[in-house]
Structures are given as structure tokens and as C-alpha cells.
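Colleague: Got a structure for you, data-v5.cif, holding mmCIF, N, CA and C atoms.
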data_start
#
loop_
_atom_site.label_atom_id
_atom_site.label_comp_id
_atom_site.auth_asym_id
_atom_site.auth_seq_id
_atom_site.Cartn_x
_atom_site.Cartn_y
_atom_site.Cartn_z
N MET A 657 -30.86 -67.13 -39.13
CA MET A 657 -32.10 -67.24 -38.39
C MET A 657 -32.69 -65.84 -38.19
N PHE A 658 -33.96 -65.74 -38.44
CA PHE A 658 -34.66 -64.46 -38.26
C PHE A 658 -35.58 -64.54 -37.06
N ARG A 659 -35.67 -63.45 -36.34
CA ARG A 659 -36.58 -63.36 -35.20
C ARG A 659 -37.69 -62.39 -35.55
N LYS A 660 -38.85 -62.67 -34.99
CA LYS A 660 -39.95 -61.73 -35.18
C LYS A 660 -39.68 -60.50 -34.33
N SER A 661 -39.79 -59.34 -34.94
CA SER A 661 -39.64 -58.11 -34.18
C SER A 661 -40.92 -57.30 -34.36
N TYR A 662 -41.31 -56.64 -33.31
CA TYR A 662 -42.52 -55.84 -33.32
C TYR A 662 -42.16 -54.44 -32.89
N LYS A 663 -42.86 -53.45 -33.48
CA LYS A 663 -42.64 -52.06 -33.12
C LYS A 663 -43.89 -51.27 -33.54
N LEU A 664 -44.37 -50.39 -32.67
CA LEU A 664 -45.47 -49.51 -33.04
C LEU A 664 -44.94 -48.45 -33.99
N ILE A 665 -45.63 -48.22 -35.10
CA ILE A 665 -45.14 -47.25 -36.06
C ILE A 665 -45.98 -45.98 -36.11
N LYS A 666 -47.14 -46.01 -35.45
CA LYS A 666 -47.95 -44.81 -35.35
C LYS A 666 -48.72 -44.83 -34.04
N ALA A 667 -49.23 -43.69 -33.65
CA ALA A 667 -49.98 -43.58 -32.38
C ALA A 667 -51.28 -44.38 -32.47
N LEU A 668 -51.68 -44.92 -31.33
CA LEU A 668 -52.93 -45.67 -31.26
C LEU A 668 -54.12 -44.71 -31.18
N ASP A 669 -55.26 -45.14 -31.69
CA ASP A 669 -56.48 -44.33 -31.69
C ASP A 669 -57.12 -44.37 -30.31
N PRO A 670 -57.21 -43.25 -29.59
CA PRO A 670 -57.78 -43.25 -28.24
C PRO A 670 -59.26 -43.65 -28.21
N ALA A 671 -59.95 -43.61 -29.34
CA ALA A 671 -61.36 -43.98 -29.39
C ALA A 671 -61.55 -45.49 -29.58
N ASP A 672 -60.48 -46.24 -29.79
CA ASP A 672 -60.56 -47.68 -30.00
C ASP A 672 -61.05 -48.35 -28.71
N PRO A 673 -62.13 -49.14 -28.78
CA PRO A 673 -62.65 -49.78 -27.57
C PRO A 673 -61.75 -50.89 -27.02
N HIS A 674 -60.75 -51.33 -27.77
CA HIS A 674 -59.84 -52.36 -27.30
C HIS A 674 -58.71 -51.82 -26.44
N LEU A 675 -58.56 -50.50 -26.39
CA LEU A 675 -57.49 -49.90 -25.60
C LEU A 675 -57.85 -49.88 -24.12
N ARG A 676 -56.83 -50.10 -23.29
CA ARG A 676 -57.00 -50.03 -21.84
C ARG A 676 -55.80 -49.30 -21.25
N GLN A 677 -56.05 -48.59 -20.18
CA GLN A 677 -54.95 -47.96 -19.45
C GLN A 677 -54.51 -48.91 -18.34
N ALA A 678 -53.21 -48.98 -18.14
CA ALA A 678 -52.67 -49.83 -17.08
C ALA A 678 -51.61 -49.05 -16.33
N ALA A 679 -51.76 -49.00 -15.03
CA ALA A 679 -50.76 -48.32 -14.19
C ALA A 679 -49.61 -49.28 -13.93
N ILE A 680 -48.43 -48.71 -13.73
CA ILE A 680 -47.26 -49.52 -13.40
C ILE A 680 -47.53 -50.23 -12.07
N GLY A 681 -47.35 -51.52 -12.05
CA GLY A 681 -47.56 -52.31 -10.84
C GLY A 681 -48.97 -52.84 -10.67
N GLN A 682 -49.92 -52.39 -11.49
CA GLN A 682 -51.30 -52.87 -11.41
C GLN A 682 -51.56 -53.87 -12.53
N PRO A 683 -52.00 -55.08 -12.22
CA PRO A 683 -52.19 -56.09 -13.26
C PRO A 683 -53.43 -55.81 -14.13
N ILE A 684 -53.33 -56.23 -15.39
CA ILE A 684 -54.48 -56.23 -16.29
C ILE A 684 -54.57 -57.64 -16.87
N GLU A 685 -55.79 -58.05 -17.21
CA GLU A 685 -55.99 -59.38 -17.77
C GLU A 685 -56.31 -59.27 -19.25
N LEU A 686 -55.69 -60.15 -20.03
CA LEU A 686 -55.89 -60.22 -21.47
C LEU A 686 -56.38 -61.63 -21.80
N GLU A 687 -57.32 -61.72 -22.73
CA GLU A 687 -57.82 -63.03 -23.14
C GLU A 687 -56.99 -63.56 -24.30
N GLY A 688 -56.67 -64.85 -24.26
CA GLY A 688 -55.93 -65.47 -25.33
C GLY A 688 -54.50 -65.76 -24.94
N ASP A 689 -53.68 -65.99 -25.97
CA ASP A 689 -52.28 -66.35 -25.79
C ASP A 689 -51.40 -65.16 -26.15
N LEU A 690 -50.67 -64.64 -25.20
CA LEU A 690 -49.81 -63.48 -25.42
C LEU A 690 -48.54 -63.91 -26.13
N LYS A 691 -48.30 -63.35 -27.32
CA LYS A 691 -47.08 -63.63 -28.08
C LYS A 691 -45.98 -62.62 -27.76
N ALA A 692 -46.37 -61.34 -27.61
CA ALA A 692 -45.37 -60.30 -27.34
C ALA A 692 -46.06 -59.01 -26.92
N LEU A 693 -45.30 -58.14 -26.27
CA LEU A 693 -45.71 -56.78 -25.98
C LEU A 693 -44.69 -55.87 -26.63
N ALA A 694 -45.15 -54.80 -27.27
CA ALA A 694 -44.22 -53.90 -27.97
C ALA A 694 -44.64 -52.46 -27.79
N ASP A 695 -43.64 -51.56 -27.77
CA ASP A 695 -43.89 -50.13 -27.76
C ASP A 695 -43.23 -49.53 -28.99
N HIS A 696 -43.06 -48.22 -29.03
CA HIS A 696 -42.49 -47.56 -30.21
C HIS A 696 -41.02 -47.91 -30.45
N TYR A 697 -40.34 -48.43 -29.44
CA TYR A 697 -38.93 -48.77 -29.57
C TYR A 697 -38.69 -50.25 -29.86
N GLY A 698 -39.73 -51.06 -29.75
CA GLY A 698 -39.60 -52.49 -30.03
C GLY A 698 -40.24 -53.35 -28.96
N ARG A 699 -39.86 -54.60 -29.00
CA ARG A 699 -40.43 -55.61 -28.12
C ARG A 699 -40.01 -55.40 -26.66
N LEU A 700 -40.98 -55.56 -25.74
CA LEU A 700 -40.68 -55.47 -24.31
C LEU A 700 -40.18 -56.81 -23.81
N ARG A 701 -39.39 -56.79 -22.76
CA ARG A 701 -38.80 -58.01 -22.22
C ARG A 701 -39.51 -58.43 -20.94
N GLU A 702 -39.90 -59.70 -20.92
CA GLU A 702 -40.51 -60.25 -19.72
C GLU A 702 -39.45 -60.32 -18.63
N GLY A 703 -39.80 -59.93 -17.44
CA GLY A 703 -38.86 -59.89 -16.32
C GLY A 703 -38.23 -58.53 -16.14
N LYS A 704 -37.96 -57.82 -17.23
CA LYS A 704 -37.38 -56.49 -17.14
C LYS A 704 -38.46 -55.41 -17.23
N ASP A 705 -39.37 -55.56 -18.19
CA ASP A 705 -40.41 -54.56 -18.43
C ASP A 705 -41.78 -54.96 -17.88
N TYR A 706 -42.03 -56.26 -17.81
CA TYR A 706 -43.33 -56.74 -17.34
C TYR A 706 -43.20 -58.16 -16.79
N GLN A 707 -44.20 -58.55 -16.02
CA GLN A 707 -44.35 -59.91 -15.52
C GLN A 707 -45.66 -60.45 -16.08
N GLN A 708 -45.71 -61.74 -16.34
CA GLN A 708 -46.97 -62.32 -16.78
C GLN A 708 -47.28 -63.57 -15.97
N GLU A 709 -48.58 -63.79 -15.78
CA GLU A 709 -49.07 -64.96 -15.07
C GLU A 709 -50.15 -65.59 -15.93
N LYS A 710 -50.00 -66.86 -16.22
CA LYS A 710 -50.97 -67.55 -17.07
C LYS A 710 -52.12 -68.05 -16.21
N LEU A 711 -53.33 -67.72 -16.64
CA LEU A 711 -54.55 -68.17 -16.00
C LEU A 711 -55.29 -69.05 -17.00
N GLU A 712 -56.44 -69.52 -16.65
CA GLU A 712 -57.23 -70.37 -17.55
C GLU A 712 -57.78 -69.55 -18.71
N GLY A 713 -57.14 -69.64 -19.87
CA GLY A 713 -57.60 -68.92 -21.06
C GLY A 713 -57.27 -67.43 -21.07
N ARG A 714 -56.53 -66.97 -20.07
CA ARG A 714 -56.19 -65.55 -19.97
C ARG A 714 -54.74 -65.40 -19.51
N ILE A 715 -54.27 -64.20 -19.64
CA ILE A 715 -52.93 -63.83 -19.18
C ILE A 715 -53.08 -62.59 -18.30
N ARG A 716 -52.43 -62.59 -17.16
CA ARG A 716 -52.40 -61.41 -16.29
C ARG A 716 -51.02 -60.77 -16.47
N VAL A 717 -51.02 -59.53 -16.94
CA VAL A 717 -49.78 -58.80 -17.21
C VAL A 717 -49.65 -57.65 -16.22
N THR A 718 -48.46 -57.52 -15.64
CA THR A 718 -48.16 -56.42 -14.73
C THR A 718 -46.90 -55.73 -15.24
N PHE A 719 -47.02 -54.45 -15.60
CA PHE A 719 -45.87 -53.68 -16.06
C PHE A 719 -45.04 -53.29 -14.85
N THR A 720 -43.73 -53.49 -14.95
CA THR A 720 -42.84 -53.25 -13.81
C THR A 720 -41.81 -52.16 -14.07
N ASN A 721 -41.57 -51.81 -15.31
CA ASN A 721 -40.57 -50.81 -15.65
C ASN A 721 -41.18 -49.41 -15.57
N PRO A 722 -40.73 -48.56 -14.64
CA PRO A 722 -41.32 -47.23 -14.49
C PRO A 722 -41.12 -46.33 -15.72
N LEU A 723 -40.18 -46.66 -16.58
CA LEU A 723 -39.97 -45.88 -17.81
C LEU A 723 -41.11 -46.06 -18.81
N LEU A 724 -41.96 -47.05 -18.60
CA LEU A 724 -43.10 -47.28 -19.49
C LEU A 724 -44.29 -46.38 -19.16
N GLN A 725 -44.22 -45.64 -18.06
CA GLN A 725 -45.32 -44.75 -17.66
C GLN A 725 -45.65 -43.79 -18.79
N GLY A 726 -46.90 -43.78 -19.23
CA GLY A 726 -47.36 -42.88 -20.29
C GLY A 726 -47.06 -43.37 -21.69
N THR A 727 -46.49 -44.56 -21.84
CA THR A 727 -46.13 -45.11 -23.14
C THR A 727 -47.26 -45.96 -23.70
N GLU A 728 -47.45 -45.92 -25.01
CA GLU A 728 -48.40 -46.80 -25.66
C GLU A 728 -47.73 -48.16 -25.89
N VAL A 729 -48.43 -49.23 -25.49
CA VAL A 729 -47.92 -50.59 -25.65
C VAL A 729 -48.98 -51.41 -26.35
N ALA A 730 -48.57 -52.19 -27.34
CA ALA A 730 -49.49 -53.08 -28.06
C ALA A 730 -49.21 -54.51 -27.63
N ALA A 731 -50.28 -55.28 -27.43
CA ALA A 731 -50.16 -56.71 -27.11
C ALA A 731 -50.40 -57.49 -28.39
N VAL A 732 -49.47 -58.37 -28.73
CA VAL A 732 -49.61 -59.25 -29.89
C VAL A 732 -50.15 -60.56 -29.35
N MET A 733 -51.37 -60.89 -29.74
CA MET A 733 -52.05 -62.07 -29.23
C MET A 733 -52.08 -63.18 -30.28
N GLY A 734 -51.93 -64.42 -29.84
CA GLY A 734 -52.01 -65.57 -30.71
C GLY A 734 -53.40 -66.17 -30.66
N GLU A 735 -53.56 -67.25 -31.35
CA GLU A 735 -54.88 -67.91 -31.41
C GLU A 735 -55.05 -68.89 -30.29
#
As C-alpha cells - that is how I would like this structure written.
Modeller:
Amino acid sequence: MFRKSYKLIKALDPADPHLRQAAIGQPIELEGDLKALADHYGRLREGKDYQQEKLEGRIRVTFTNPLLQGTEVAAVMGE
């Protein structure tokens, strides 16, 4: 059995309009279905690195792991 693994392989472009900054403990809202969150080391774990709350057509994500401060994280969104 194979699992999907995600990992950032290069730095994100700071000029990209899709990028947002999120402070640890402050929620951000994403539109769509969240499949995964990943940083340069791999997939983040719900409950350990972040919490999520499902809203109508959106997801509210709150990063909880203080080691993520200053780290680039990509959200993998589904359809």
C-alpha cells in the first residue's frame, strides 16, 4: 500500500497573491476541501501541528506547533 506524501522542494514566491501569513494560534480560512498541509520536511499532522474546523465550503486552520514559526507551509486542496 502506498500513501500520498507531500513535501515542499523549493521556496515559495513571496510575490504570489495566493500566499498568506499565519501566526501560531491565529486561525486562517481556506476555501475548498483541505487534503493536506506540508512543509519542507513533509506532511503536517492534524492535532500535533494544526487544528482544523470545517465550515460551510471552507476550512478554518489554526497552527498549534510553535516550531512552525517562520516556516513555509503549502495547503493541498481538493475539488
Colleague: What is the atom N of Asp689 (chain A)-CA of Glu728 (chain A) distance in Å, reported with one decimal?
Modeller: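 Atom N of Asp689 (chain A) sits 19.9 Å away from CA of Glu728 (chain A).
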Colleague: Check what the PyMOL selection byres ((chain A and resi 693) around 5) selects in the file above and give those residues as a ChimeraX atom specification.
Modeller: /A:691-692,694-695,699-700,730-732
Colleague: Skipping near chain neighbours, those fewer than 4 positions away, what residues fall within 12 Å of Phe719 (chain A) using only C-alpha atoms, listed as a ChimeraX atom specification?
Modeller: /A:677-685,693,700-709,723-727,729
Colleague: Could you please determine the separation between atom N of Leu664 (chain A) and CA of Arg714 (chain A) in Å, to one decimal place?
Modeller: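 Computing the Euclidean distance for atom N of Leu664 (chain A) and CA of Arg714 (chain A) yields 23.0 Å.
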Colleague: For a test of reading the model, state the distance in Å between atom C of Lys710 (chain A) and CA of Asp669 (chain A), rounded to one decimal.
Modeller: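 CA of Asp669 (chain A) lies at a distance of 28.7 Å from atom C of Lys710 (chain A).
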Colleague: To verify the selection step, state as a ChimeraX atom specification which residues the PyMOL selection byres ((chain A and resi 688) around 6) yields on this input.
Modeller: /A:686-687,689-690,713-715,734
Colleague: Just need the box for region 703-721 of chain A, edges along x, y and z, holding every atom the file lists for it with 8 Å tacked onto each side, so centre and edge lengths in Å to one decimal, as lines of an AutoDock Vina configuration file.
Modeller:
center_x = -47.6
center_y = -59.9
center_z = -17.4
size_x = 36.4
size_y = 37.0
size_z = 23.3
Colleague: So which residues of chain A fall under strand (DSSP E) by DSSP, listed as number ranges by chain?
Modeller: A: 684-687, 689-695, 698-699, 706-711, 714-719, 730-734
Colleague: Taking all atoms listed in the file into account, which of A:Pro722, A:Tyr697, A:His674, A:Glu712 comes nearest Tyr662 (chain A)?
Modeller: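 Once distances to Tyr662 (chain A) are computed over all atoms listed in the file, the minimum belongs to A:Tyr697.
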Colleague: Rebuild region 692-717 of chain A so that it carries N, CA, C and O atoms, then output the result as a PDB file, in the coordinates of the input.
Modeller:
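This went into selection22.pdb:
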ATOM      1  N   ALA A 692     -46.370 -61.340 -27.610  1.00  0.00           N
ATOM      2  CA  ALA A 692     -45.370 -60.300 -27.340  1.00  0.00           C
ATOM      3  C   ALA A 692     -46.060 -59.010 -26.920  1.00  0.00           C
ATOM      4  O   ALA A 692     -47.247 -58.817 -27.189  1.00  0.00           O
ATOM      5  N   LEU A 693     -45.300 -58.140 -26.270  1.00  0.00           N
ATOM      6  CA  LEU A 693     -45.710 -56.780 -25.980  1.00  0.00           C
ATOM      7  C   LEU A 693     -44.690 -55.870 -26.630  1.00  0.00           C
ATOM      8  O   LEU A 693     -43.484 -56.141 -26.577  1.00  0.00           O
ATOM      9  N   ALA A 694     -45.150 -54.800 -27.270  1.00  0.00           N
ATOM     10  CA  ALA A 694     -44.220 -53.900 -27.970  1.00  0.00           C
ATOM     11  C   ALA A 694     -44.640 -52.460 -27.790  1.00  0.00           C
ATOM     12  O   ALA A 694     -45.826 -52.142 -27.683  1.00  0.00           O
ATOM     13  N   ASP A 695     -43.640 -51.560 -27.770  1.00  0.00           N
ATOM     14  CA  ASP A 695     -43.890 -50.130 -27.760  1.00  0.00           C
ATOM     15  C   ASP A 695     -43.230 -49.530 -28.990  1.00  0.00           C
ATOM     16  O   ASP A 695     -42.870 -50.248 -29.926  1.00  0.00           O
ATOM     17  N   HIS A 696     -43.060 -48.220 -29.030  1.00  0.00           N
ATOM     18  CA  HIS A 696     -42.490 -47.560 -30.210  1.00  0.00           C
ATOM     19  C   HIS A 696     -41.020 -47.910 -30.450  1.00  0.00           C
ATOM     20  O   HIS A 696     -40.497 -47.692 -31.529  1.00  0.00           O
ATOM     21  N   TYR A 697     -40.340 -48.430 -29.440  1.00  0.00           N
ATOM     22  CA  TYR A 697     -38.930 -48.770 -29.570  1.00  0.00           C
ATOM     23  C   TYR A 697     -38.690 -50.250 -29.860  1.00  0.00           C
ATOM     24  O   TYR A 697     -37.581 -50.656 -30.132  1.00  0.00           O
ATOM     25  N   GLY A 698     -39.730 -51.060 -29.750  1.00  0.00           N
ATOM     26  CA  GLY A 698     -39.600 -52.490 -30.030  1.00  0.00           C
ATOM     27  C   GLY A 698     -40.240 -53.350 -28.960  1.00  0.00           C
ATOM     28  O   GLY A 698     -41.034 -52.904 -28.145  1.00  0.00           O
ATOM     29  N   ARG A 699     -39.860 -54.600 -29.000  1.00  0.00           N
ATOM     30  CA  ARG A 699     -40.430 -55.610 -28.120  1.00  0.00           C
ATOM     31  C   ARG A 699     -40.010 -55.400 -26.660  1.00  0.00           C
ATOM     32  O   ARG A 699     -38.845 -55.133 -26.380  1.00  0.00           O
ATOM     33  N   LEU A 700     -40.980 -55.560 -25.740  1.00  0.00           N
ATOM     34  CA  LEU A 700     -40.680 -55.470 -24.310  1.00  0.00           C
ATOM     35  C   LEU A 700     -40.180 -56.810 -23.810  1.00  0.00           C
ATOM     36  O   LEU A 700     -40.513 -57.857 -24.376  1.00  0.00           O
ATOM     37  N   ARG A 701     -39.390 -56.790 -22.760  1.00  0.00           N
ATOM     38  CA  ARG A 701     -38.800 -58.010 -22.220  1.00  0.00           C
ATOM     39  C   ARG A 701     -39.510 -58.430 -20.940  1.00  0.00           C
ATOM     40  O   ARG A 701     -39.647 -57.637 -20.004  1.00  0.00           O
ATOM     41  N   GLU A 702     -39.900 -59.700 -20.920  1.00  0.00           N
ATOM     42  CA  GLU A 702     -40.510 -60.250 -19.720  1.00  0.00           C
ATOM     43  C   GLU A 702     -39.450 -60.320 -18.630  1.00  0.00           C
ATOM     44  O   GLU A 702     -38.308 -60.696 -18.881  1.00  0.00           O
ATOM     45  N   GLY A 703     -39.800 -59.930 -17.440  1.00  0.00           N
ATOM     46  CA  GLY A 703     -38.860 -59.890 -16.320  1.00  0.00           C
ATOM     47  C   GLY A 703     -38.230 -58.530 -16.140  1.00  0.00           C
ATOM     48  O   GLY A 703     -37.972 -58.117 -15.019  1.00  0.00           O
ATOM     49  N   LYS A 704     -37.960 -57.820 -17.230  1.00  0.00           N
ATOM     50  CA  LYS A 704     -37.380 -56.490 -17.140  1.00  0.00           C
ATOM     51  C   LYS A 704     -38.460 -55.410 -17.230  1.00  0.00           C
ATOM     52  O   LYS A 704     -38.463 -54.453 -16.466  1.00  0.00           O
ATOM     53  N   ASP A 705     -39.370 -55.560 -18.190  1.00  0.00           N
ATOM     54  CA  ASP A 705     -40.410 -54.560 -18.430  1.00  0.00           C
ATOM     55  C   ASP A 705     -41.780 -54.960 -17.880  1.00  0.00           C
ATOM     56  O   ASP A 705     -42.587 -54.107 -17.546  1.00  0.00           O
ATOM     57  N   TYR A 706     -42.030 -56.260 -17.810  1.00  0.00           N
ATOM     58  CA  TYR A 706     -43.330 -56.740 -17.340  1.00  0.00           C
ATOM     59  C   TYR A 706     -43.200 -58.160 -16.790  1.00  0.00           C
ATOM     60  O   TYR A 706     -42.220 -58.855 -17.045  1.00  0.00           O
ATOM     61  N   GLN A 707     -44.200 -58.550 -16.020  1.00  0.00           N
ATOM     62  CA  GLN A 707     -44.350 -59.910 -15.520  1.00  0.00           C
ATOM     63  C   GLN A 707     -45.660 -60.450 -16.080  1.00  0.00           C
ATOM     64  O   GLN A 707     -46.612 -59.681 -16.252  1.00  0.00           O
ATOM     65  N   GLN A 708     -45.710 -61.740 -16.340  1.00  0.00           N
ATOM     66  CA  GLN A 708     -46.970 -62.320 -16.780  1.00  0.00           C
ATOM     67  C   GLN A 708     -47.280 -63.570 -15.970  1.00  0.00           C
ATOM     68  O   GLN A 708     -46.388 -64.265 -15.514  1.00  0.00           O
ATOM     69  N   GLU A 709     -48.580 -63.790 -15.780  1.00  0.00           N
ATOM     70  CA  GLU A 709     -49.070 -64.960 -15.070  1.00  0.00           C
ATOM     71  C   GLU A 709     -50.150 -65.590 -15.930  1.00  0.00           C
ATOM     72  O   GLU A 709     -51.087 -64.899 -16.346  1.00  0.00           O
ATOM     73  N   LYS A 710     -50.000 -66.860 -16.220  1.00  0.00           N
ATOM     74  CA  LYS A 710     -50.970 -67.550 -17.070  1.00  0.00           C
ATOM     75  C   LYS A 710     -52.120 -68.050 -16.210  1.00  0.00           C
ATOM     76  O   LYS A 710     -51.920 -68.712 -15.191  1.00  0.00           O
ATOM     77  N   LEU A 711     -53.330 -67.720 -16.640  1.00  0.00           N
ATOM     78  CA  LEU A 711     -54.550 -68.170 -16.000  1.00  0.00           C
ATOM     79  C   LEU A 711     -55.290 -69.050 -17.000  1.00  0.00           C
ATOM     80  O   LEU A 711     -54.821 -69.260 -18.113  1.00  0.00           O
ATOM     81  N   GLU A 712     -56.440 -69.520 -16.650  1.00  0.00           N
ATOM     82  CA  GLU A 712     -57.230 -70.370 -17.550  1.00  0.00           C
ATOM     83  C   GLU A 712     -57.780 -69.550 -18.710  1.00  0.00           C
ATOM     84  O   GLU A 712     -58.753 -68.814 -18.568  1.00  0.00           O
ATOM     85  N   GLY A 713     -57.140 -69.640 -19.870  1.00  0.00           N
ATOM     86  CA  GLY A 713     -57.600 -68.920 -21.060  1.00  0.00           C
ATOM     87  C   GLY A 713     -57.270 -67.430 -21.070  1.00  0.00           C
ATOM     88  O   GLY A 713     -57.690 -66.712 -21.955  1.00  0.00           O
ATOM     89  N   ARG A 714     -56.530 -66.970 -20.070  1.00  0.00           N
ATOM     90  CA  ARG A 714     -56.190 -65.550 -19.970  1.00  0.00           C
ATOM     91  C   ARG A 714     -54.740 -65.400 -19.510  1.00  0.00           C
ATOM     92  O   ARG A 714     -54.128 -66.320 -19.012  1.00  0.00           O
ATOM     93  N   ILE A 715     -54.270 -64.200 -19.640  1.00  0.00           N
ATOM     94  CA  ILE A 715     -52.930 -63.830 -19.180  1.00  0.00           C
ATOM     95  C   ILE A 715     -53.080 -62.590 -18.300  1.00  0.00           C
ATOM     96  O   ILE A 715     -53.770 -61.645 -18.669  1.00  0.00           O
ATOM     97  N   ARG A 716     -52.430 -62.590 -17.160  1.00  0.00           N
ATOM     98  CA  ARG A 716     -52.400 -61.410 -16.290  1.00  0.00           C
ATOM     99  C   ARG A 716     -51.020 -60.770 -16.470  1.00  0.00           C
ATOM    100  O   ARG A 716     -50.001 -61.388 -16.202  1.00  0.00           O
ATOM    101  N   VAL A 717     -51.020 -59.530 -16.940  1.00  0.00           N
ATOM    102  CA  VAL A 717     -49.780 -58.800 -17.210  1.00  0.00           C
ATOM    103  C   VAL A 717     -49.650 -57.650 -16.220  1.00  0.00           C
ATOM    104  O   VAL A 717     -50.603 -56.905 -15.992  1.00  0.00           O
TER     105      VAL A 717
END
